[in-house]
>>> print(open('my_file_2.csv').read())   # CSV, C-alpha atoms and all ligand atoms
chain,number,residue,atom,x,y,z
A,43,MET,CA,1.6,10.9,-10.7
A,44,SER,CA,0.9,11.9,-7.2
A,45,SER,CA,3.9,12.7,-5.1
A,46,PRO,CA,2.9,12.4,-1.4
A,47,HIS,CA,6.6,12.0,-0.6
A,48,GLY,CA,7.3,15.4,-2.2
A,49,GLY,CA,11.0,15.8,-3.0
A,50,LYS,CA,11.7,12.1,-3.0
A,51,GLU,CA,10.0,11.8,-6.4
A,52,SER,CA,12.0,14.6,-7.9
A,53,GLY,CA,15.0,12.3,-8.4
A,54,PHE,CA,13.1,10.7,-11.2
A,55,ALA,CA,12.7,13.7,-13.5
A,56,VAL,CA,15.2,12.2,-16.0
A,57,LEU,CA,13.2,9.0,-16.2
A,58,ARG,CA,10.1,11.0,-17.3
A,59,LEU,CA,12.1,12.3,-20.2
A,60,LEU,CA,13.8,9.0,-21.0
A,61,ALA,CA,10.6,7.0,-20.8
A,62,ASP,CA,9.9,7.4,-24.6
A,63,GLY,CA,12.9,5.2,-25.4
A,64,LYS,CA,14.4,7.8,-27.6
A,65,LEU,CA,18.0,9.1,-27.5
A,66,HIS,CA,18.4,12.2,-25.3
A,67,SER,CA,21.6,14.2,-25.1
A,68,GLY,CA,22.9,14.7,-21.5
A,69,GLU,CA,23.3,18.4,-22.2
A,70,LYS,CA,19.7,18.7,-23.4
A,71,LEU,CA,18.3,16.7,-20.4
A,72,ALA,CA,20.3,18.9,-18.1
A,73,GLY,CA,19.0,22.0,-19.8
A,74,GLN,CA,15.3,20.8,-19.7
A,75,LEU,CA,15.5,20.0,-16.1
A,76,GLY,CA,17.7,22.9,-14.9
A,77,ILE,CA,20.2,20.6,-13.4
A,78,SER,CA,23.9,19.8,-14.1
A,79,ARG,CA,25.1,17.1,-16.5
A,80,ALA,CA,26.6,15.4,-13.5
A,81,ALA,CA,23.2,15.3,-11.8
A,82,VAL,CA,21.7,13.8,-14.9
A,83,TRP,CA,24.4,11.1,-14.9
A,84,LYS,CA,23.7,10.4,-11.2
A,85,GLN,CA,20.0,10.0,-11.8
A,86,VAL,CA,20.7,7.6,-14.7
A,87,GLY,CA,23.0,5.6,-12.4
A,88,ARG,CA,20.3,5.3,-9.8
A,89,LEU,CA,17.7,4.2,-12.4
A,90,LYS,CA,20.1,1.4,-13.5
A,91,THR,CA,20.4,0.1,-9.9
A,92,LEU,CA,16.5,-0.1,-10.0
A,93,GLY,CA,16.7,-2.5,-12.9
A,94,LEU,CA,16.4,-0.2,-15.9
A,95,GLN,CA,18.5,-0.9,-18.9
A,96,ILE,CA,19.8,2.5,-20.1
A,97,ASP,CA,22.4,2.8,-22.8
A,98,ALA,CA,24.9,5.6,-22.5
A,99,ILE,CA,26.1,6.4,-26.0
A,100,ARG,CA,29.4,8.4,-26.1
A,101,SER,CA,28.9,12.0,-27.3
A,102,ALA,CA,25.2,11.2,-28.1
A,103,GLY,CA,23.4,10.8,-24.9
A,104,TYR,CA,21.2,8.3,-23.0
A,105,ARG,CA,18.5,5.9,-24.2
A,106,LEU,CA,16.2,3.7,-22.3
A,107,ARG,CA,16.4,0.3,-24.0
A,108,ASP,CA,12.6,-0.4,-23.7
A,109,PRO,CA,10.2,2.5,-23.5
A,110,ILE,CA,8.1,2.6,-20.4
A,111,GLU,CA,4.5,3.8,-20.1
A,112,LEU,CA,4.7,5.3,-16.6
A,113,LEU,CA,1.8,5.0,-14.3
A,114,ASP,CA,-0.5,8.0,-14.5
A,115,ARG,CA,-3.0,8.6,-11.9
A,116,ASP,CA,-5.2,10.8,-14.0
A,117,GLU,CA,-5.2,8.3,-16.9
A,118,ILE,CA,-6.1,5.5,-14.5
A,119,SER,CA,-9.0,7.6,-13.1
A,120,ARG,CA,-10.2,8.3,-16.6
A,121,LEU,CA,-10.2,4.6,-17.5
A,122,MET,CA,-12.0,3.5,-14.3
A,123,ASP,CA,-15.7,2.8,-14.2
A,124,LYS,CA,-18.0,5.6,-13.0
A,125,SER,CA,-19.2,3.3,-10.2
A,126,THR,CA,-15.7,2.8,-8.9
A,127,HIS,CA,-15.3,6.6,-8.5
A,128,ALA,CA,-18.2,6.6,-6.1
A,129,SER,CA,-16.4,4.2,-3.7
A,130,LEU,CA,-12.8,5.5,-4.2
A,131,GLU,CA,-11.4,7.3,-1.2
A,132,ARG,CA,-7.9,7.8,-2.5
A,133,LEU,CA,-5.6,6.7,-5.2
A,134,ASP,CA,-1.9,7.3,-4.7
A,135,SER,CA,0.9,6.4,-7.1
A,136,PHE,CA,4.6,6.5,-6.2
A,137,MET,CA,7.9,6.1,-8.0
A,138,VAL,CA,9.5,4.1,-5.2
A,139,LEU,CA,7.9,2.7,-2.1
A,140,GLU,CA,9.0,-0.1,0.3
A,141,SER,CA,5.8,-2.0,-0.5
A,142,THR,CA,2.3,-1.0,-1.6
A,143,ASN,CA,0.8,-3.5,0.8
A,144,SER,CA,2.8,-2.1,3.7
A,145,ALA,CA,1.9,1.5,2.8
A,146,LEU,CA,-1.8,0.7,3.0
A,147,PHE,CA,-1.5,-1.6,6.0
A,148,LYS,CA,0.4,1.0,8.1
A,149,GLY,CA,-1.5,4.0,6.7
A,150,PRO,CA,-4.9,5.4,7.5
A,151,ARG,CA,-7.8,3.0,7.1
A,152,PRO,CA,-10.4,4.0,4.5
A,153,MET,CA,-13.9,4.7,5.7
A,154,PRO,CA,-16.2,1.6,5.7
A,155,GLY,CA,-17.4,1.1,2.2
A,156,LYS,CA,-14.6,3.1,0.7
A,157,LEU,CA,-11.5,2.0,-1.2
A,158,ALA,CA,-7.9,3.1,-0.9
A,159,VAL,CA,-5.5,2.3,-3.7
A,160,CYS,CA,-1.7,2.4,-3.8
A,161,LEU,CA,0.6,1.9,-6.8
A,162,ALA,CA,4.3,2.0,-7.2
A,163,GLU,CA,6.7,1.9,-10.1
A,164,PHE,CA,9.3,0.1,-7.9
A,165,GLN,CA,9.1,-1.6,-4.5
A,166,SER,CA,12.3,-1.6,-2.5
A,167,GLY,CA,10.8,-4.3,-0.1
A,168,GLY,CA,8.1,-6.0,-2.2
A,169,ARG,CA,6.7,-9.0,-0.3
A,170,GLY,CA,5.1,-12.3,-1.1
A,171,ARG,CA,3.7,-14.7,1.4
A,172,ARG,CA,5.6,-16.0,4.3
A,173,GLY,CA,8.1,-13.2,4.3
A,174,ARG,CA,9.3,-14.0,0.8
A,175,SER,CA,10.2,-11.2,-1.5
A,176,TRP,CA,8.5,-10.0,-4.6
A,177,LEU,CA,10.9,-8.5,-7.1
A,178,ALA,CA,10.2,-6.4,-10.2
A,179,PRO,CA,12.4,-3.9,-12.1
A,180,LEU,CA,11.2,-0.3,-12.1
A,181,GLY,CA,8.2,0.1,-14.5
A,182,GLY,CA,8.4,-3.6,-15.5
A,183,GLY,CA,5.6,-4.8,-13.4
A,184,LEU,CA,2.3,-3.7,-11.9
A,185,CYS,CA,2.4,-3.4,-8.1
A,186,LEU,CA,-1.0,-2.5,-6.9
A,187,SER,CA,-2.7,-2.7,-3.5
A,188,THR,CA,-6.1,-1.8,-2.2
A,189,SER,CA,-7.5,-1.5,1.3
A,190,TRP,CA,-11.0,-1.9,2.6
A,191,VAL,CA,-12.8,-2.1,6.0
A,192,PHE,CA,-15.6,-4.7,6.4
A,193,ALA,CA,-18.0,-3.7,9.2
A,194,ALA,CA,-17.7,-7.3,10.4
A,195,GLN,CA,-15.6,-10.3,9.4
A,196,PRO,CA,-17.2,-11.8,6.2
A,197,ASP,CA,-17.9,-15.5,6.3
A,198,ASP,CA,-15.6,-16.4,3.4
A,199,LEU,CA,-12.7,-14.2,4.5
A,200,ALA,CA,-10.1,-17.0,4.0
A,201,ALA,CA,-11.1,-17.2,0.3
A,202,LEU,CA,-10.8,-13.4,-0.4
A,203,GLY,CA,-7.3,-13.9,-2.0
A,204,LEU,CA,-8.7,-16.6,-4.3
A,205,ALA,CA,-11.5,-14.3,-5.4
A,206,ALA,CA,-8.9,-11.6,-6.0
A,207,GLY,CA,-7.0,-14.1,-8.3
A,208,VAL,CA,-10.2,-14.5,-10.3
A,209,VAL,CA,-10.5,-10.7,-10.6
A,210,ALA,CA,-7.0,-10.5,-11.9
A,211,ARG,CA,-7.6,-13.4,-14.3
A,212,ARG,CA,-10.7,-11.7,-15.7
A,213,VAL,CA,-8.8,-8.4,-16.3
A,214,LEU,CA,-5.8,-10.2,-17.9
A,215,ALA,CA,-8.1,-12.2,-20.2
A,216,ARG,CA,-9.9,-9.0,-21.3
A,217,GLU,CA,-6.7,-7.0,-21.8
A,218,THR,CA,-4.6,-9.8,-23.4
A,219,GLY,CA,-6.7,-12.7,-24.3
A,220,LEU,CA,-4.4,-15.0,-22.4
A,221,PRO,CA,-5.7,-18.0,-20.6
A,222,ILE,CA,-4.5,-17.5,-17.0
A,223,ARG,CA,-4.4,-20.4,-14.5
A,224,ILE,CA,-4.4,-20.0,-10.8
A,225,LYS,CA,-2.2,-22.1,-8.5
A,226,TRP,CA,-4.0,-22.3,-5.2
A,227,PRO,CA,-4.0,-20.1,-3.3
A,228,ASN,CA,-2.3,-17.1,-4.8
A,229,ASP,CA,-0.1,-17.6,-7.9
A,230,LEU,CA,-1.2,-16.4,-11.4
A,231,LEU,CA,0.3,-18.6,-14.1
A,232,VAL,CA,0.5,-18.5,-17.9
A,233,VAL,CA,2.2,-21.2,-20.0
A,234,ASN,CA,3.0,-23.0,-16.6
A,235,ARG,CA,5.2,-20.0,-15.6
A,236,LYS,CA,4.6,-17.5,-12.8
A,237,LEU,CA,3.2,-14.3,-14.1
A,238,GLY,CA,1.9,-12.8,-10.8
A,239,GLY,CA,0.8,-13.2,-7.3
A,240,ILE,CA,-1.7,-12.1,-4.7
A,241,LEU,CA,-0.9,-11.1,-1.1
A,242,VAL,CA,-3.8,-10.6,1.3
A,243,GLU,CA,-3.2,-9.1,4.7
A,244,ILE,CA,-5.8,-8.9,7.4
A,245,SER,CA,-6.3,-7.2,10.7
A,246,ALA,CA,-9.5,-8.2,12.4
A,247,GLU,CA,-11.1,-7.9,15.8
A,248,SER,CA,-13.5,-10.5,17.0
A,249,HIS,CA,-17.0,-9.1,16.6
A,250,GLY,CA,-15.5,-5.9,15.2
A,251,PRO,CA,-14.5,-4.4,11.9
A,252,CYS,CA,-12.1,-6.3,9.6
A,253,PHE,CA,-9.4,-4.4,7.7
A,254,VAL,CA,-8.0,-6.0,4.6
A,255,VAL,CA,-5.3,-5.2,2.2
A,256,ILE,CA,-5.2,-7.0,-1.2
A,257,GLY,CA,-1.9,-6.7,-3.2
A,258,ILE,CA,-1.5,-7.8,-6.8
A,259,GLY,CA,1.8,-8.1,-8.5
A,260,ILE,CA,1.9,-8.8,-12.3
A,261,ASN,CA,5.0,-9.0,-14.5
A,262,VAL,CA,4.4,-6.8,-17.5
A,263,SER,CA,7.6,-6.3,-19.4
A,264,ALA,CA,11.4,-5.8,-19.5
A,265,THR,CA,12.1,-8.4,-16.9
A,266,PRO,CA,15.2,-10.1,-18.0
A,267,LYS,CA,16.2,-10.9,-14.4
A,268,LEU,CA,12.9,-12.6,-13.6
A,269,PRO,CA,13.8,-16.3,-14.3
A,270,LYS,CA,16.2,-16.2,-11.5
A,271,VAL,CA,13.7,-15.0,-8.9
A,272,ALA,CA,11.0,-17.6,-9.3
A,273,GLY,CA,12.9,-20.1,-7.2
A,274,SER,CA,10.4,-22.9,-6.9
A,275,TRP,CA,9.2,-22.8,-10.5
A,276,ALA,CA,11.1,-25.0,-12.9
A,277,GLY,CA,10.0,-22.8,-15.8
A,278,GLY,CA,10.7,-19.6,-13.8
A,279,ALA,CA,8.8,-16.4,-14.1
A,280,ILE,CA,7.3,-14.8,-17.2
A,281,ASP,CA,6.0,-11.4,-18.2
A,282,LEU,CA,3.2,-10.4,-20.5
A,283,ALA,CA,5.5,-9.0,-23.2
A,284,ALA,CA,7.4,-12.2,-23.4
A,285,VAL,CA,4.4,-14.4,-23.6
A,286,LEU,CA,2.5,-12.2,-26.1
A,287,GLY,CA,5.6,-11.6,-28.2
A,288,GLU,CA,4.5,-8.0,-28.7
A,289,ALA,CA,4.0,-4.8,-26.8
A,290,PRO,CA,2.3,-5.6,-23.5
A,291,PRO,CA,-1.1,-4.0,-22.7
A,292,SER,CA,-1.2,-0.5,-21.1
A,293,ARG,CA,-0.2,-0.7,-17.4
A,294,ASN,CA,-2.7,2.1,-16.8
A,295,ALA,CA,-5.5,0.2,-18.4
A,296,LEU,CA,-4.5,-2.9,-16.4
A,297,ALA,CA,-4.5,-0.9,-13.2
A,298,ALA,CA,-7.9,0.7,-13.9
A,299,GLY,CA,-9.4,-2.8,-14.7
A,300,LEU,CA,-8.0,-4.3,-11.5
A,301,ILE,CA,-9.2,-1.4,-9.4
A,302,ASP,CA,-12.7,-1.7,-10.9
A,303,GLY,CA,-12.7,-5.5,-10.3
A,304,LEU,CA,-11.4,-5.2,-6.7
A,305,ALA,CA,-13.9,-2.5,-5.9
A,306,GLN,CA,-16.7,-4.7,-7.1
A,307,LEU,CA,-15.3,-7.7,-5.2
A,308,LEU,CA,-15.0,-5.8,-1.9
A,309,GLU,CA,-18.4,-4.1,-2.2
A,310,GLY,CA,-20.2,-7.4,-2.7
A,311,TYR,CA,-18.1,-9.9,-0.7
A,312,ALA,CA,-19.8,-9.5,2.7
A,313,THR,CA,-23.1,-10.6,1.1
A,314,SER,CA,-22.3,-12.8,-1.8
A,315,GLY,CA,-19.0,-14.2,-0.5
A,316,PHE,CA,-16.8,-16.6,-2.6
A,317,ALA,CA,-19.8,-18.3,-4.3
A,318,ALA,CA,-19.7,-15.7,-7.1
A,319,TYR,CA,-16.0,-16.6,-7.9
A,320,HIS,CA,-15.9,-20.3,-7.2
A,321,ALA,CA,-16.8,-21.6,-10.6
A,322,GLU,CA,-14.2,-19.4,-12.3
A,323,PHE,CA,-11.5,-20.4,-9.8
A,324,ALA,CA,-12.4,-24.1,-10.5
A,325,ASP,CA,-12.0,-23.4,-14.2
A,326,ALA,CA,-8.6,-21.9,-13.7
A,327,ASP,CA,-7.4,-24.4,-11.0
A,328,TYR,CA,-3.8,-25.3,-12.0
A,329,LEU,CA,-3.4,-28.0,-9.3
A,330,TYR,CA,-6.6,-29.9,-10.1
A,331,GLY,CA,-5.8,-33.6,-10.6
A,332,ARG,CA,-2.1,-33.1,-9.9
A,333,CYS,CA,-0.1,-34.9,-7.2
A,334,VAL,CA,0.9,-32.4,-4.6
A,335,ASP,CA,3.0,-32.1,-1.5
A,336,VAL,CA,1.6,-29.8,1.2
A,337,ASP,CA,4.0,-28.4,3.8
A,338,GLY,CA,3.9,-25.9,6.6
A,339,ALA,CA,2.1,-24.9,9.7
A,340,GLY,CA,2.5,-28.5,11.1
A,341,VAL,CA,0.9,-30.0,8.0
A,342,GLY,CA,2.6,-32.6,5.8
A,343,ILE,CA,0.4,-34.2,3.2
A,344,SER,CA,1.0,-35.8,-0.1
A,345,GLY,CA,-1.8,-36.7,-2.4
A,346,ARG,CA,-3.9,-35.7,-5.4
A,347,ALA,CA,-5.5,-32.2,-5.5
A,348,MET,CA,-9.2,-32.6,-6.1
A,349,GLY,CA,-10.2,-29.0,-6.5
A,350,ILE,CA,-11.5,-26.5,-3.9
A,351,GLY,CA,-14.4,-26.5,-1.5
A,352,PRO,CA,-17.2,-23.9,-1.5
A,353,ASP,CA,-15.2,-21.9,1.1
A,354,GLY,CA,-12.0,-22.0,-0.9
A,355,VAL,CA,-10.2,-24.8,1.0
A,356,LEU,CA,-8.0,-27.0,-1.1
A,357,LEU,CA,-9.2,-30.7,-1.2
A,358,VAL,CA,-6.4,-33.2,-1.3
A,359,GLU,CA,-7.1,-36.9,-1.6
A,360,ALA,CA,-4.6,-38.7,0.5
A,361,GLY,CA,-4.4,-42.1,2.1
A,362,ASP,CA,-7.9,-43.0,3.4
A,363,GLY,CA,-9.7,-39.7,2.9
A,364,VAL,CA,-9.9,-36.2,1.6
A,365,ALA,CA,-7.9,-33.6,3.6
A,366,LYS,CA,-9.0,-30.0,3.6
A,367,VAL,CA,-6.1,-27.6,3.4
A,368,VAL,CA,-6.6,-24.0,4.5
A,369,ALA,CA,-4.5,-21.3,3.0
A,370,GLY,CA,-2.1,-19.5,5.3
A,371,ASP,CA,1.5,-20.6,6.0
A,372,ILE,CA,1.1,-23.5,3.6
A,373,SER,CA,3.2,-24.3,0.6
A,374,VAL,CA,1.8,-26.6,-2.1
A,375,ARG,CA,4.1,-28.0,-4.7
A,376,PRO,CA,3.1,-30.2,-7.7
A,377,SER,CA,5.0,-33.4,-7.0
A,378,SER,CA,4.8,-34.8,-10.6
B,401,LIG,P1,5.5,-20.2,-4.8
B,401,LIG,O1,5.4,-19.7,-6.1
B,401,LIG,O2,6.8,-20.8,-4.5
B,401,LIG,O3,4.4,-21.1,-4.4
B,401,LIG,P2,4.5,-18.4,-2.7
B,401,LIG,O4,3.1,-18.5,-3.1
B,401,LIG,O5,4.8,-19.0,-1.4
B,401,LIG,O6,5.5,-19.0,-3.8
B,401,LIG,P3,4.5,-15.7,-3.4
B,401,LIG,O7,3.8,-15.0,-2.3
B,401,LIG,O8,3.7,-16.0,-4.5
B,401,LIG,O9,5.1,-17.0,-2.7
B,401,LIG,O10,5.8,-14.9,-3.9
B,401,LIG,C1,7.1,-15.0,-3.5
B,401,LIG,C2,7.9,-15.9,-4.3
B,401,LIG,O11,7.7,-15.6,-5.7
B,401,LIG,C3,9.4,-15.6,-4.2
B,401,LIG,O12,9.9,-16.5,-3.2
B,401,LIG,C4,10.1,-15.8,-5.5
B,401,LIG,O13,10.4,-17.2,-5.7
B,401,LIG,C5,8.9,-15.6,-6.5
B,401,LIG,N1,9.0,-14.3,-7.1
B,401,LIG,C6,9.5,-13.1,-6.7
B,401,LIG,N2,9.3,-12.1,-7.5
B,401,LIG,C7,8.7,-12.6,-8.6
B,401,LIG,C8,8.2,-12.2,-9.9
B,401,LIG,N3,8.3,-10.9,-10.2
B,401,LIG,N4,7.6,-13.0,-10.7
B,401,LIG,C9,7.5,-14.3,-10.4
B,401,LIG,N5,7.9,-14.9,-9.2
B,401,LIG,C10,8.5,-14.0,-8.4
>>> encode(input="my_file_2.csv", output="structure tokens", more="lines below")
Ligand code: ATP
Amino acid sequence: MSSPHGGKESGFAVLRLLADGKLHSGEKLAGQLGISRAAVWKQVGRLKTLGLQIDAIRSAGYRLRDPIELLDRDEISRLMDKSTHASLERLDSFMVLESTNSALFKGPRPMPGKLAVCLAEFQSGGRGRRGRSWLAPLGGGLCLSTSWVFAAQPDDLAALGLAAGVVARRVLARETGLPIRIKWPNDLLVVNRKLGGILVEISAESHGPCFVVIGIGINVSATPKLPKVAGSWAGGAIDLAAVLGEAPPSRNALAAGLIDGLAQLLEGYATSGFAAYHAEFADADYLYGRCVDVDGAGVGISGRAMGIGPDGVLLVEAGDGVAKVVAGDISVRPSS
């Protein structure tokens, strides 16, 4: 795990020892880390506030209820394709960060043709679209962002997030066998519940370079609080462990697969655009054929979703014609 924030990561030494889910005595933990038992207790308290369930067993010690496979930068690198290494400029992994998208958006831009990647075990200010929050307990989700600079704005820029959804779907299908559906424009669903989301942020100058950050959040495991957060979804949120009914796939393998897929997407997007992803999106299109209400950005349409156009716009049959809905500050809800 890289520690670009130096000391800030050191408060998580206890977690590294508890991650195996076994019982560890407070005294032993203190001895191994060269800190006091009170300092161990303080770190455990902080981990609990970040969403971890840790049992404190009198005169025995502490035990993490569900073991965690912590993100490991070296392991992710090892699992990545050779071709991705050639385009990777940096790969940082943090214990706690405000938001992986914000870190890349505010941070140094990668060289054109190079990829920057940021991961975090916990986001203190994780974001979805339209200023909404993205919540996941420490180690229970995958919070991964990548940044890239296009020399000029690609034609299908508005559909980049849809293509990223297809990338996530491919990786999840390979790692779990689950059939993932995508709710236009950015939600990843399984068994009609929200498993993840995509957030694309763009800074572009007309006739100049175009800087993009693609963030992917996926619920992996240990997420008892999730049903409460997925406000607009009747069925609530879901995580991979719950839907699989068994240990979820390795988060490091998922991260490596997503980085490979996003590198491939970003390298080819200026030339091949959304066409290479359109058919798979159509195959995964959750809204197709459903009655929907579209709200936001001055748009108010009710009709039947008829799939997506070649440029990624949502086609909605309403009244006397077919409306083209462009992603952005738009909310689409199934109305039946
Ligand atoms: P919607 O799913 O309502 O269409 P959206 O696409 O506008 O949402 P997103 O950017 O996907 O919004 O994500 C933000 C929303 O997702 C939050 O308002 C919350 O309801 C929900 N949410 C937050 N964290 C999670 C999570 N870990 N899993 C599933 N849903 C979440």
>>> closest_residue(input="my_file_2.csv", among="A:Ser344, A:Asn234, A:Ser373, A:Ser263", to="ligand LIG 401 (chain B)", atoms="all atoms listed in the file")
A:Ser373
>>> residues_around(input="my_file_2.csv", residues="stretch 242-254 of chain A", least_positions_apart="4", cutoff="10 Å", atoms="only C-alpha atoms", output="number ranges by chain")
A: 143-144, 146-147, 151-152, 154, 170-171, 187-196, 199-204, 206, 228, 258, 308, 370
>>> residues_around(input="my_file_2.csv", residues="A:Ile99", least_positions_apart="2", cutoff="10 Å", atoms="all atoms listed in the file", output="JSON, numbers by chain")
{"A": [65, 66, 67, 68, 96, 97, 101, 102, 103, 104, 105]}
>>> atom_distance(input="my_file_2.csv", atom1="atom CA of A:Ala317", atom2="atom CA of A:Glu359")
22.7 Å
>>> atom_distance(input="my_file_2.csv", atom1="atom CA of A:Asp335", atom2="atom CA of A:Trp226")
12.6 Å
>>> closest_residue(input="my_file_2.csv", among="A:Leu57, A:Leu71, A:Ile260, A:Ala205", to="A:Leu307", atoms="only C-alpha atoms")
A:Ala205
>>> residues_around(input="my_file_2.csv", residues="A:Glu288", least_positions_apart="2", cutoff="12 Å", atoms="only C-alpha atoms", output="PyMOL selection string")
chain A and resi 218+262-264+281-286+290-291
